[in-house]
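File shown: protein-v9.txt. Contents: compact mmCIF, C-alpha atoms.
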```
# COMPACT_ATOMS: atom_id res chain seq x y z
CA PRO A 618 -13.49 17.44 -51.27
CA PRO A 619 -16.53 19.15 -49.75
CA PRO A 620 -17.61 22.28 -51.65
CA PRO A 621 -16.69 25.64 -50.10
CA SER A 622 -19.27 27.61 -48.21
CA ALA A 623 -20.67 30.85 -49.55
CA PRO A 624 -18.40 33.90 -49.35
CA PRO A 625 -19.16 36.24 -46.46
CA VAL A 626 -20.97 39.50 -46.98
CA THR A 627 -18.57 42.32 -46.23
CA GLY A 628 -19.19 45.68 -44.64
CA PRO A 629 -22.02 46.86 -42.41
CA ALA A 630 -25.47 47.12 -43.92
CA PRO A 631 -28.29 49.49 -42.99
CA ALA A 632 -30.59 48.13 -40.32
CA PRO A 633 -34.01 47.00 -41.51
CA PRO A 634 -36.98 49.06 -40.31
CA ALA A 635 -39.08 46.02 -39.42
CA ALA A 636 -37.69 45.21 -35.99
CA SER A 637 -38.35 47.60 -33.15
CA ALA A 638 -35.57 49.09 -31.08
CA PRO A 639 -35.17 48.07 -27.44
CA GLU A 640 -37.64 49.78 -25.17
CA ALA A 641 -39.13 49.23 -21.78
CA ALA A 642 -41.66 46.44 -21.66
CA GLY A 643 -44.38 46.32 -19.04
CA PRO A 644 -45.71 43.07 -17.63
CA GLY A 645 -47.26 41.03 -20.43
CA HIS A 646 -46.24 43.62 -23.00
CA TRP A 647 -43.02 42.16 -24.30
CA ARG A 648 -42.30 43.23 -27.82
CA PRO A 649 -39.66 42.21 -30.35
CA TRP A 650 -36.39 44.09 -30.15
CA ARG A 651 -33.12 44.57 -31.98
CA PHE A 652 -29.80 45.66 -30.54
CA ARG A 653 -27.09 47.13 -32.75
CA MET A 654 -23.42 46.57 -31.93
CA SER A 655 -20.59 48.91 -32.82
CA ASN A 656 -18.62 45.94 -34.19
CA ASP A 657 -19.32 42.71 -36.04
CA VAL A 658 -21.02 39.91 -34.13
CA TRP A 659 -20.32 36.25 -34.71
CA GLY A 660 -21.53 32.84 -33.73
CA THR A 661 -24.67 31.74 -31.91
CA PRO A 662 -26.14 33.80 -29.06
CA VAL A 663 -26.16 32.20 -25.60
CA VAL A 664 -29.30 32.59 -23.49
CA GLU A 665 -28.91 31.92 -19.76
CA GLY A 666 -31.59 33.03 -17.33
CA ASP A 667 -32.62 36.63 -18.00
CA LEU A 668 -29.57 37.49 -20.08
CA LEU A 669 -28.44 36.91 -23.64
CA TYR A 670 -24.69 36.81 -24.27
CA VAL A 671 -23.17 37.57 -27.63
CA THR A 672 -19.57 37.72 -28.78
CA SER A 673 -18.16 40.61 -30.76
CA PHE A 674 -14.90 42.41 -30.18
CA GLU A 675 -16.39 42.47 -26.70
CA VAL A 676 -18.75 40.24 -24.75
CA HIS A 677 -22.19 41.86 -24.48
CA ALA A 678 -24.92 40.85 -22.01
CA LEU A 679 -28.41 41.94 -23.04
CA ASP A 680 -31.65 41.77 -21.07
CA VAL A 681 -33.84 39.20 -22.83
CA GLY A 682 -36.98 41.18 -22.02
CA THR A 683 -35.99 44.61 -23.31
CA GLY A 684 -32.77 44.17 -25.30
CA ARG A 685 -31.05 46.69 -23.04
CA ARG A 686 -27.38 46.05 -22.53
CA GLN A 687 -26.54 45.17 -18.93
CA PHE A 688 -22.81 45.25 -19.46
CA LYS A 689 -20.06 44.78 -22.01
CA THR A 690 -16.47 43.77 -21.48
CA ARG A 691 -13.29 45.13 -22.99
CA ASP A 692 -12.22 41.65 -24.02
CA VAL A 693 -12.45 39.95 -27.38
CA ALA A 694 -14.10 36.53 -27.05
CA TRP A 695 -13.17 34.27 -29.95
CA SER A 696 -14.50 31.38 -27.85
CA MET A 697 -17.12 31.60 -25.10
CA ALA A 698 -19.21 29.38 -22.84
CA VAL A 699 -21.53 30.38 -20.00
CA SER A 700 -21.81 28.01 -17.04
CA GLY A 701 -22.05 28.07 -13.24
CA GLY A 702 -22.70 31.81 -13.07
CA ARG A 703 -19.57 32.59 -15.07
CA ILE A 704 -18.66 33.59 -18.61
CA HIS A 705 -15.62 31.55 -19.64
CA ALA A 706 -13.90 32.92 -22.70
CA SER A 707 -10.64 33.34 -24.57
CA ASP A 708 -9.21 36.15 -26.68
CA GLY A 709 -6.72 33.68 -28.17
CA PRO A 710 -3.61 33.73 -25.96
CA THR A 711 -5.52 34.41 -22.73
CA LEU A 712 -8.19 32.47 -20.87
CA TYR A 713 -10.49 34.38 -18.53
CA ALA A 714 -13.67 34.10 -16.48
CA LEU A 715 -16.17 36.86 -15.76
CA ASP A 716 -19.17 37.09 -13.46
CA ALA A 717 -22.17 36.30 -15.66
CA VAL A 718 -24.40 38.85 -13.90
CA ASP A 719 -22.22 41.97 -13.79
CA GLY A 720 -19.23 41.16 -16.01
CA SER A 721 -16.63 41.62 -13.29
CA GLU A 722 -13.45 39.63 -13.69
CA ARG A 723 -13.11 36.39 -11.71
CA TRP A 724 -9.75 35.19 -13.03
CA ARG A 725 -7.41 35.48 -16.00
CA LEU A 726 -4.36 33.55 -17.14
CA PRO A 727 -2.10 33.22 -20.18
CA THR A 728 -2.19 30.04 -22.25
CA ASP A 729 0.91 28.71 -23.96
CA ALA A 730 -0.77 28.77 -27.37
CA TRP A 731 -3.81 30.21 -29.16
CA VAL A 732 -7.13 28.80 -27.89
CA TYR A 733 -9.33 27.74 -30.81
CA CYS A 734 -12.11 26.01 -28.87
CA LEU A 735 -13.50 26.10 -25.35
CA GLN A 736 -16.16 24.08 -23.52
CA VAL A 737 -17.36 24.07 -19.92
CA GLU A 738 -19.26 21.41 -18.01
CA ARG A 739 -19.53 20.34 -14.37
CA GLY A 740 -16.95 22.84 -13.18
CA THR A 741 -14.29 21.97 -15.74
CA VAL A 742 -13.13 24.15 -18.64
CA VAL A 743 -11.58 22.23 -21.54
CA THR A 744 -9.62 24.09 -24.21
CA GLY A 745 -7.94 23.12 -27.45
CA THR A 746 -4.86 25.14 -28.42
CA ARG A 747 -3.06 25.38 -31.74
CA GLY A 748 -0.19 22.97 -32.15
CA GLY A 749 -1.96 20.00 -30.60
CA GLY A 750 -2.60 20.99 -26.99
CA VAL A 751 -5.67 19.99 -24.95
CA GLN A 752 -6.01 21.44 -21.45
CA ALA A 753 -8.44 21.19 -18.55
CA TRP A 754 -8.88 23.99 -16.01
CA GLU A 755 -10.78 24.41 -12.75
CA ALA A 756 -13.71 26.64 -13.72
CA ALA A 757 -13.88 28.38 -10.33
CA ASN A 758 -10.31 29.69 -10.21
CA GLY A 759 -8.48 28.79 -13.44
CA ALA A 760 -6.12 26.23 -11.87
CA LYS A 761 -4.73 23.89 -14.54
CA LEU A 762 -5.90 20.31 -14.00
CA TRP A 763 -4.02 18.53 -16.80
CA GLU A 764 -2.73 18.85 -20.35
CA VAL A 765 -1.96 16.54 -23.27
CA THR A 766 0.07 17.44 -26.35
CA GLY A 767 0.06 16.21 -29.92
CA ALA A 768 -3.72 15.87 -30.10
CA GLN A 769 -6.41 17.25 -32.43
CA SER A 770 -3.68 18.92 -34.47
CA ASP A 771 -5.04 18.19 -37.96
CA PHE A 772 -8.23 20.25 -37.67
CA GLU A 773 -8.06 23.24 -35.39
CA THR A 774 -11.62 24.54 -35.62
CA PRO A 775 -14.22 24.89 -32.83
CA GLU A 776 -16.41 22.03 -34.07
CA ALA A 777 -13.42 19.70 -34.57
CA GLY A 778 -11.80 20.24 -31.19
CA PRO A 779 -11.78 17.99 -28.14
CA ALA A 780 -15.33 17.16 -27.03
CA LEU A 781 -16.37 17.53 -23.39
CA HIS A 782 -19.48 15.62 -22.34
CA GLY A 783 -20.35 15.09 -18.70
CA ASP A 784 -17.20 13.91 -16.95
CA THR A 785 -15.46 12.67 -20.11
CA VAL A 786 -13.26 14.42 -22.67
CA TYR A 787 -12.92 12.76 -26.10
CA VAL A 788 -9.58 13.49 -27.74
CA TRP A 789 -8.21 12.41 -31.12
CA GLN A 790 -4.52 11.68 -30.60
CA ASP A 791 -1.95 9.44 -32.32
CA ALA A 792 -4.64 7.97 -34.61
CA ARG A 793 -6.70 6.90 -31.59
CA LEU A 794 -9.92 8.19 -30.08
CA ARG A 795 -9.19 8.55 -26.37
CA ALA A 796 -11.77 8.92 -23.58
CA LEU A 797 -10.21 10.85 -20.69
CA ASP A 798 -11.50 11.68 -17.22
CA ALA A 799 -12.35 15.38 -17.36
CA ARG A 800 -10.94 16.12 -13.90
CA THR A 801 -7.75 14.06 -13.95
CA GLY A 802 -6.96 13.45 -17.62
CA THR A 803 -6.67 9.72 -16.89
CA GLU A 804 -7.41 7.57 -19.91
CA ARG A 805 -10.49 5.36 -19.52
CA TRP A 806 -10.18 3.70 -22.92
CA SER A 807 -8.95 4.32 -26.43
CA TYR A 808 -9.79 2.97 -29.85
CA PRO A 809 -7.63 2.96 -33.05
CA ILE A 810 -9.85 5.25 -35.12
CA GLY A 811 -7.09 6.10 -37.64
CA ASP A 812 -5.23 9.23 -38.67
CA ALA A 813 -6.58 12.10 -40.76
CA ALA A 814 -5.85 10.35 -44.05
CA SER A 815 -7.65 7.15 -43.05
CA CYS A 816 -10.57 9.27 -41.81
CA GLY A 817 -11.06 10.80 -45.26
CA GLY A 818 -9.37 14.09 -44.45
CA VAL A 819 -12.19 15.20 -42.16
CA PRO A 820 -12.26 15.47 -38.36
CA VAL A 821 -13.65 12.78 -36.10
CA ARG A 822 -16.95 13.86 -34.50
CA VAL A 823 -18.54 12.35 -31.38
CA THR A 824 -22.04 12.28 -29.90
CA PRO A 825 -22.49 10.66 -26.48
CA ALA A 826 -26.05 9.41 -26.04
CA GLU A 827 -28.36 8.54 -23.20
CA ASP A 828 -28.26 4.84 -24.16
CA GLY A 829 -24.74 4.60 -22.72
CA HIS A 830 -22.95 4.71 -26.07
CA VAL A 831 -20.94 7.33 -27.90
CA TYR A 832 -21.64 7.55 -31.63
CA VAL A 833 -18.64 8.51 -33.74
CA SER A 834 -18.37 9.67 -37.34
CA ALA A 835 -14.86 9.14 -38.74
CA GLY A 836 -14.60 9.80 -42.45
CA THR A 837 -16.96 7.35 -44.15
CA ARG A 838 -17.46 5.30 -40.97
CA VAL A 839 -19.93 5.51 -38.10
CA LEU A 840 -19.21 3.61 -34.88
CA SER A 841 -21.12 2.86 -31.70
CA ILE A 842 -18.81 2.58 -28.67
CA ASP A 843 -19.78 1.75 -25.09
CA ILE A 844 -19.02 4.91 -23.06
CA ALA A 845 -17.97 2.98 -19.96
CA SER A 846 -15.85 0.19 -21.46
CA GLY A 847 -14.79 1.39 -24.91
CA HIS A 848 -16.21 -1.79 -26.48
CA VAL A 849 -17.28 -1.22 -30.10
CA ARG A 850 -20.86 -2.43 -30.60
CA TRP A 851 -20.97 -1.89 -34.38
CA HIS A 852 -19.57 0.13 -37.24
CA PHE A 853 -21.19 1.27 -40.47
CA GLU A 854 -19.47 2.16 -43.74
CA ALA A 855 -20.85 4.76 -46.17
CA PRO A 856 -19.66 5.73 -49.67
CA ALA A 857 -18.96 9.40 -48.80
CA VAL A 858 -17.47 11.22 -45.81
CA PHE A 859 -19.48 12.70 -42.96
CA LEU A 860 -18.72 16.26 -41.88
CA CYS A 861 -21.36 16.31 -39.15
CA PRO A 862 -21.61 14.35 -35.90
CA PRO A 863 -24.32 11.70 -35.56
CA ALA A 864 -27.66 12.73 -34.06
CA PHE A 865 -29.25 10.28 -31.60
CA ALA A 866 -32.99 9.92 -31.04
CA PRO A 867 -34.10 7.71 -28.12
CA GLY A 868 -36.66 4.95 -28.42
CA PRO A 869 -37.28 2.05 -30.79
CA ALA A 870 -36.94 2.42 -34.55
CA VAL A 871 -40.71 2.04 -35.02
CA THR A 872 -41.19 5.38 -33.23
CA GLY A 873 -38.29 7.16 -34.94
CA GLY A 874 -35.51 6.26 -32.55
CA GLY A 875 -32.04 5.70 -33.99
CA VAL A 876 -28.91 7.41 -35.23
CA TYR A 877 -29.20 9.97 -38.03
CA LEU A 878 -26.60 11.83 -40.04
CA ALA A 879 -25.88 13.26 -43.48
CA ASP A 880 -22.76 12.98 -45.61
CA TYR A 881 -21.26 15.90 -47.52
CA LEU A 882 -23.17 14.94 -50.67
CA GLY A 883 -26.39 15.42 -48.72
CA THR A 884 -27.44 11.77 -48.34
CA VAL A 885 -29.30 11.37 -45.06
CA TYR A 886 -28.92 8.04 -43.24
CA ALA A 887 -31.06 6.42 -40.55
CA LEU A 888 -29.13 3.75 -38.66
CA ASP A 889 -30.50 1.28 -36.14
CA ALA A 890 -28.89 2.24 -32.82
CA THR A 891 -28.56 -1.37 -31.68
CA THR A 892 -27.24 -3.02 -34.84
CA GLY A 893 -25.89 -0.19 -37.01
CA LYS A 894 -27.88 -1.38 -40.03
CA ASP A 895 -29.17 1.43 -42.22
CA ARG A 896 -32.96 1.55 -42.15
CA TRP A 897 -33.11 4.05 -45.00
CA ARG A 898 -31.05 6.60 -46.88
CA ILE A 899 -32.41 9.58 -48.83
CA ALA A 900 -30.54 12.02 -51.09
CA THR A 901 -30.98 15.77 -50.59
CA GLU A 902 -28.42 18.21 -52.05
CA SER A 903 -24.74 18.96 -51.48
CA ARG A 904 -24.13 19.68 -47.81
CA PRO A 905 -20.93 21.42 -46.67
CA SER A 906 -22.47 22.07 -43.24
CA THR A 907 -20.82 20.58 -40.15
CA GLU A 908 -24.08 20.85 -38.19
CA PRO A 909 -25.90 17.65 -37.18
CA VAL A 910 -29.30 16.87 -38.62
CA LEU A 911 -32.17 17.65 -36.26
CA VAL A 912 -34.55 14.91 -35.10
CA ALA A 913 -37.73 16.21 -33.45
CA ASP A 914 -41.28 14.93 -33.07
CA GLY A 915 -40.76 12.02 -35.46
CA ASN A 916 -39.23 14.18 -38.18
CA VAL A 917 -35.67 14.59 -39.45
CA HIS A 918 -34.88 18.17 -40.47
CA VAL A 919 -31.74 18.86 -42.47
CA GLY A 920 -30.35 22.03 -43.98
CA SER A 921 -28.72 21.04 -47.26
CA GLY A 922 -27.45 23.64 -49.69
CA SER A 923 -30.03 26.41 -49.88
CA ALA A 924 -33.01 24.42 -48.61
CA VAL A 925 -34.41 22.71 -45.53
CA TYR A 926 -35.68 19.16 -46.03
CA THR A 927 -37.97 17.33 -43.66
CA LEU A 928 -38.17 13.53 -43.75
CA ASP A 929 -40.26 11.06 -41.79
CA ALA A 930 -37.90 9.59 -39.16
CA VAL A 931 -39.44 6.12 -39.33
CA THR A 932 -39.68 5.61 -43.09
CA GLY A 933 -37.44 8.31 -44.60
CA THR A 934 -40.36 9.51 -46.71
CA PRO A 935 -39.76 13.14 -47.74
CA LYS A 936 -42.44 15.39 -46.24
CA TRP A 937 -41.47 18.81 -47.57
CA ARG A 938 -38.63 20.93 -48.89
CA PHE A 939 -38.41 24.68 -48.29
CA PRO A 940 -36.03 26.68 -50.50
CA ALA A 941 -34.21 29.72 -49.12
CA GLY A 942 -32.48 32.37 -51.20
CA GLY A 943 -29.01 31.29 -50.10
CA PRO A 944 -27.18 28.56 -48.18
CA VAL A 945 -28.70 27.56 -44.86
CA ILE A 946 -26.53 28.82 -41.97
CA GLY A 947 -26.17 26.85 -38.74
CA ALA A 948 -28.68 24.27 -37.59
CA PRO A 949 -32.47 24.63 -37.79
CA VAL A 950 -34.21 24.74 -34.41
CA VAL A 951 -37.67 23.35 -33.65
CA ALA A 952 -39.86 24.59 -30.80
CA ASP A 953 -43.62 24.44 -30.26
CA GLY A 954 -44.32 23.05 -33.72
CA ARG A 955 -42.34 25.72 -35.54
CA LEU A 956 -38.99 25.41 -37.32
CA HIS A 957 -36.65 28.42 -37.35
CA PHE A 958 -33.50 28.85 -39.44
CA GLY A 959 -31.28 31.51 -40.94
CA SER A 960 -29.70 31.83 -44.36
CA ALA A 961 -26.88 33.57 -46.20
CA ASP A 962 -29.63 35.48 -48.04
CA HIS A 963 -29.88 37.64 -44.86
CA VAL A 964 -33.31 36.22 -43.94
CA LEU A 965 -34.69 34.57 -40.80
CA TYR A 966 -37.39 32.02 -41.65
CA THR A 967 -40.06 30.46 -39.47
CA LEU A 968 -41.99 27.50 -40.90
CA ASP A 969 -44.65 25.11 -39.73
CA ALA A 970 -42.50 22.13 -38.66
CA GLY A 971 -45.05 19.58 -39.82
CA GLY A 972 -46.07 20.97 -43.20
CA GLY A 973 -43.25 23.34 -44.13
CA GLN A 974 -45.51 26.36 -44.72
CA LEU A 975 -43.87 29.75 -44.23
CA ARG A 976 -45.23 31.45 -41.11
CA TRP A 977 -43.12 34.60 -41.21
CA LYS A 978 -39.71 35.82 -42.30
CA LEU A 979 -37.53 38.81 -41.53
CA THR A 980 -34.88 40.26 -43.83
CA THR A 981 -31.87 41.57 -41.91
CA GLY A 982 -29.03 43.65 -43.27
CA GLY A 983 -26.54 40.80 -43.48
CA GLU A 984 -25.91 37.06 -43.38
CA ILE A 985 -27.23 35.27 -40.33
CA THR A 986 -24.35 34.03 -38.15
CA GLY A 987 -24.40 30.73 -36.31
CA SER A 988 -27.61 29.00 -35.31
CA LEU A 989 -30.78 30.54 -33.96
CA VAL A 990 -31.91 30.04 -30.37
CA ALA A 991 -35.59 29.50 -29.48
CA ARG A 992 -36.58 29.96 -25.83
CA ALA A 993 -39.93 30.58 -24.17
CA GLY A 994 -41.67 31.77 -27.33
CA VAL A 995 -38.81 34.02 -28.46
CA VAL A 996 -36.32 33.46 -31.31
CA TYR A 997 -32.87 35.03 -30.96
CA ALA A 998 -30.47 35.54 -33.83
CA CYS A 999 -27.28 37.37 -34.77
CA SER A 1000 -26.66 38.92 -38.17
CA LYS A 1001 -23.66 40.35 -39.99
CA ASP A 1002 -25.53 43.65 -40.00
CA ARG A 1003 -24.07 43.92 -36.46
CA CYS A 1004 -27.46 43.38 -34.84
CA VAL A 1005 -28.91 40.91 -32.36
CA TYR A 1006 -32.61 40.16 -32.85
CA ALA A 1007 -35.28 38.91 -30.44
CA LEU A 1008 -38.47 38.01 -32.30
CA ASP A 1009 -41.85 36.60 -31.39
CA ALA A 1010 -41.71 32.93 -32.40
CA VAL A 1011 -45.33 33.02 -33.60
CA LYS A 1012 -45.53 36.45 -35.22
CA GLY A 1013 -41.97 37.60 -35.89
CA THR A 1014 -41.84 41.38 -35.50
CA ALA A 1015 -45.63 41.75 -35.23
CA THR A 1016 -47.21 42.35 -31.86
CA GLY A 1017 -50.90 42.53 -32.80
CA ARG A 1018 -53.39 39.83 -33.65
CA SER A 1019 -52.86 40.41 -37.34
CA GLY A 1020 -49.30 39.06 -37.05
CA ARG A 1021 -47.99 37.05 -39.97
```

If you convert what's in this file into C-alpha cells, what do you get?
Amino acid sequence: PPPPSAPPVTGPAPAPPAASAPEAAGPGHWRPWRFRMSNDVWGTPVVEGDLLYVTSFEVHALDVGTGRRQFKTRDVAWSMAVSGGRIHASDGPTLYALDAVDGSERWRLPTDAWVYCLQVERGTVVTGTRGGGVQAWEAANGAKLWEVTGAQSDFETPEAGPALHGDTVYVWQDARLRALDARTGTERWSYPIGDAASCGGVPVRVTPAEDGHVYVSAGTRVLSIDIASGHVRWHFEAPAVFLCPPAFAPGPAVTGGGVYLADYLGTVYALDATTGKDRWRIATESRPSTEPVLVADGNVHVGSGSAVYTLDAVTGTPKWRFPAGGPVIGAPVVADGRLHFGSADHVLYTLDAGGGQLRWKLTTGGEITGSLVARAGVVYACSKDRCVYALDAVKGTATGRSGR
C-alpha cells in the first residue's frame, strides 16, 4: 500500500518575525503581508478578483492588497468553491451560498448526508455525500437538480469525489465510470472501469483535456476516452498504482505534449496522447501525494517524498532535484520562471524553474497546508501556524532592491 503521509504538527506555533503585518499600501507600494487567524486554517487559499478566501472554522475574505479582512462568516467550511460572485460551501450536513463580496447569505439548505466534496462550474454545484450520494444543485438558489445513490462510496475524500468539468460530471458507480449531464443527470456514456479491488484499492481519477478526450487513471491503468462518445482510444498498463490524475500537455510529443503522471513509487511516465505508448519513464522517490505532476514550459515538475524533481518533458532527462527538509505538501506552482512549493518542514520555497536554484525561502510556524497560489507576482500560502501569507514572488518578504 502507499506509505502514510507525515504526521501533522499539533498546536499553534509562534509567528515568524520575517513577514510584515497587514498595513495600508499606497499605489505602487504593495508590501508582503501576513494575516493571523484565531483558529486553524486548512487547504489551499482561493484568489478571486481583489479578495482571497480561506477556510477555517469560518470563511475569511482578505483584501489581496493589504491583507485586511473584509468579512468573516460564522460558518465552518469543510468544503468551499468560489464562482459566479458566490461562495459555495458546506459545514457537513448543510450546503450554503454567500455573497462573495460582502459575505451575506444567499441561500442555505440541509443535505441528507455529510458533504465531503463540493465543486462549482457553469452555474451548477455538484456535491458528494457520505454513503454514496452525488447531487447537483442550482448555484443561484440551491434548487436540487438531480441525485444518484450508490456512487463513489469506496473513497470519500475531496480528491476522490465526483469530478465536475464543464457540463459533465464523472461518477464512479457500480464498477463503471459514468459521464452525466451536469444539469440533468442524464447519462451520456459509461465504461466498465472496475470496482475498487480491480482498481488496485485506489480511487479512479479523471482529467478532461482540450483534445476532446478524458484521461483516466484507474489503479495501474491509464485510459484515453472520447469525451463525446465514450469510445476508448487506448489504455496503458503500469506495474504500480497511480494515486494522482493524469496531467495533459497540448501539442506534439516533440515539443513536450502528452500525458504525464507518477505512480506511488515515484516513477514518472510520459505517454503519447494519441497512442498511449510510453515515451519514457523515470524513477524519483516514493510518492504518497495525490497531486498531479506539473507540466510547464517544456518541463515536468514533480514533488516526490521530500524533494522536487524537474525532468525534460520531451526526453525525460533529469534536470535538477531540490531537497526540502520534509515531505512536499500540495502541488508545486510555476509562474514567471519561478517554481513555488511548500513543505512539512514549515518552509515556503521559491526556486528558479529552469535551473532549480533557491531564490528565497520563508520559515513559517507550522506545516504548509494545501498548495500555494501564484497570481500577478504574489504567492499566497496557508500554514498550520494559523496564518495566511502573501509574499513577493521575486523577493519573498523583502521589499527593497537587496531582496533575496

Next item on the list: Please provide the set of residues having any atom within 8 Å of range 756-759 of chain A, restricted to all atoms listed in the file, with same-chain residues fewer than 3 positions apart removed, written as an MDAnalysis selection string.
Entry: chainID A and resid 705 713:714 723:726 737 740:742

Next item on the list: Check the smallest atom-to-atom distance from each of A:Gly954, A:Gly682, A:Gly748, A:Pro809 to Trp647 in chain A using all atoms listed in the file, then report the winner.
Entry: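 Smallest distance to Trp647 in chain A is found for A:Gly682.
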
Item checked: Computed interatomic separation between CA of Ala913 in chain A and CA of Pro867 in chain A (Å) -> 10.7 Å

Tell me, counting only C-alpha atoms, for each residue of range 808-860 of chain A within 12 Å of range 778-785 of chain A, which pair of atoms is nearest and how far apart they are in Å to one decimal, in rows ordered by chain and increasing number, as a tab-separated table.
```
residue	atom	partner	partner_atom	distance
A:Pro820	CA	A:Gly778	CA	8.6
A:Val821	CA	A:Gly778	CA	9.1
A:Arg822	CA	A:Ala780	CA	8.3
A:Val823	CA	A:Ala780	CA	7.2
A:Thr824	CA	A:His782	CA	8.7
A:Pro825	CA	A:His782	CA	7.1
A:Ala826	CA	A:His782	CA	9.8
A:Glu827	CA	A:Gly783	CA	11.3
A:Val831	CA	A:His782	CA	10.1
A:Val833	CA	A:Ala780	CA	11.4
A:Ile844	CA	A:Thr785	CA	9.0
A:Ala845	CA	A:Thr785	CA	10.0
```

Work out where the centre of an axis-aligned box around every listed atom of range 997-1015 of chain A lies and how long its edges are once 4 Å is added on each side; give both in Å to one decimal as AutoDock Vina command-line options.
```
--center_x -34.6 --center_y 38.4 --center_z -35.2 --size_x 30.0 --size_y 19.0 --size_z 17.6
```

Notebook entry, point to check: At what distance in Å, to one decimal, does CA of Leu715 in chain A lie from CA of Arg703 in chain A?
Noted result: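 A separation of 5.5 Å between them.
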
Check: How many Å lie between CA of Leu840 in chain A and CA of His852 in chain A, rounded to one decimal?
Finding: 4.2 Å

Item checked: Which residue of A:Glu776, A:Asp889, A:Cys861, A:Gly933 approaches Val910 in chain A most closely, using all atoms listed in the file ->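 Under the stated criterion, the closest residue is A:Cys861.
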
Next item on the list: Go through A:Val871, A:Leu679, A:Leu712, A:Val858 one by one, measure the shortest atom-to-atom distance of each to Val885 in chain A using only C-alpha atoms, and give the residue with the smallest value.
Entry: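 Nearest candidate to Val885 in chain A out of A:Val871, A:Leu679, A:Leu712, A:Val858: A:Val858.
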
Checklist line | Shortest interatomic distance to Ile842 in chain A - which of A:Gly947, A:Pro905, A:Gly818, A:Gly829, counting only C-alpha atoms | finding: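 Using only C-alpha atoms, Ile842 in chain A sits closest to A:Gly829.
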
Margin query: At a cut-off of 6 Å, using all atoms listed in the file, what residues contact Tyr997 in chain A? Leave out same-chain residues fewer than 2 positions from it and give the result as number ranges by chain.
Written below: A: 989-990, 1006-1007

Serialized range 795-807 of chain A w/ N, CA and C atoms as a short mmCIF file (atom, residue, chain, number, x, y, z; two decimals), in the first residue's frame:
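Dumped to selection.cif:
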```
data_model
loop_
_atom_site.label_atom_id
_atom_site.label_comp_id
_atom_site.auth_asym_id
_atom_site.auth_seq_id
_atom_site.Cartn_x
_atom_site.Cartn_y
_atom_site.Cartn_z
N ARG A 795 -19.15 6.71 -15.20
CA ARG A 795 -20.30 7.27 -15.90
C ARG A 795 -20.08 8.75 -16.16
N ALA A 796 -20.42 9.20 -17.38
CA ALA A 796 -20.39 10.61 -17.74
C ALA A 796 -21.83 11.11 -17.78
N LEU A 797 -22.15 12.02 -16.86
CA LEU A 797 -23.52 12.51 -16.72
C LEU A 797 -23.61 13.98 -17.12
N ASP A 798 -24.75 14.37 -17.68
CA ASP A 798 -25.01 15.78 -17.96
C ASP A 798 -25.14 16.51 -16.63
N ALA A 799 -24.37 17.59 -16.47
CA ALA A 799 -24.32 18.27 -15.17
C ALA A 799 -25.66 18.88 -14.78
N ARG A 800 -26.47 19.27 -15.75
CA ARG A 800 -27.74 19.93 -15.44
C ARG A 800 -28.89 18.94 -15.22
N THR A 801 -28.85 17.82 -15.95
CA THR A 801 -29.99 16.90 -15.89
C THR A 801 -29.68 15.57 -15.22
N GLY A 802 -28.39 15.22 -15.11
CA GLY A 802 -28.02 13.92 -14.58
C GLY A 802 -28.15 12.79 -15.59
N THR A 803 -28.55 13.11 -16.80
CA THR A 803 -28.71 12.09 -17.85
C THR A 803 -27.36 11.50 -18.22
N GLU A 804 -27.31 10.17 -18.31
CA GLU A 804 -26.06 9.52 -18.67
C GLU A 804 -25.76 9.71 -20.15
N ARG A 805 -24.55 10.14 -20.45
CA ARG A 805 -24.10 10.27 -21.84
C ARG A 805 -23.40 9.00 -22.29
N TRP A 806 -22.60 8.42 -21.42
CA TRP A 806 -21.96 7.14 -21.70
C TRP A 806 -21.42 6.58 -20.39
N SER A 807 -21.08 5.30 -20.42
CA SER A 807 -20.41 4.70 -19.27
C SER A 807 -19.43 3.66 -19.77
#
```
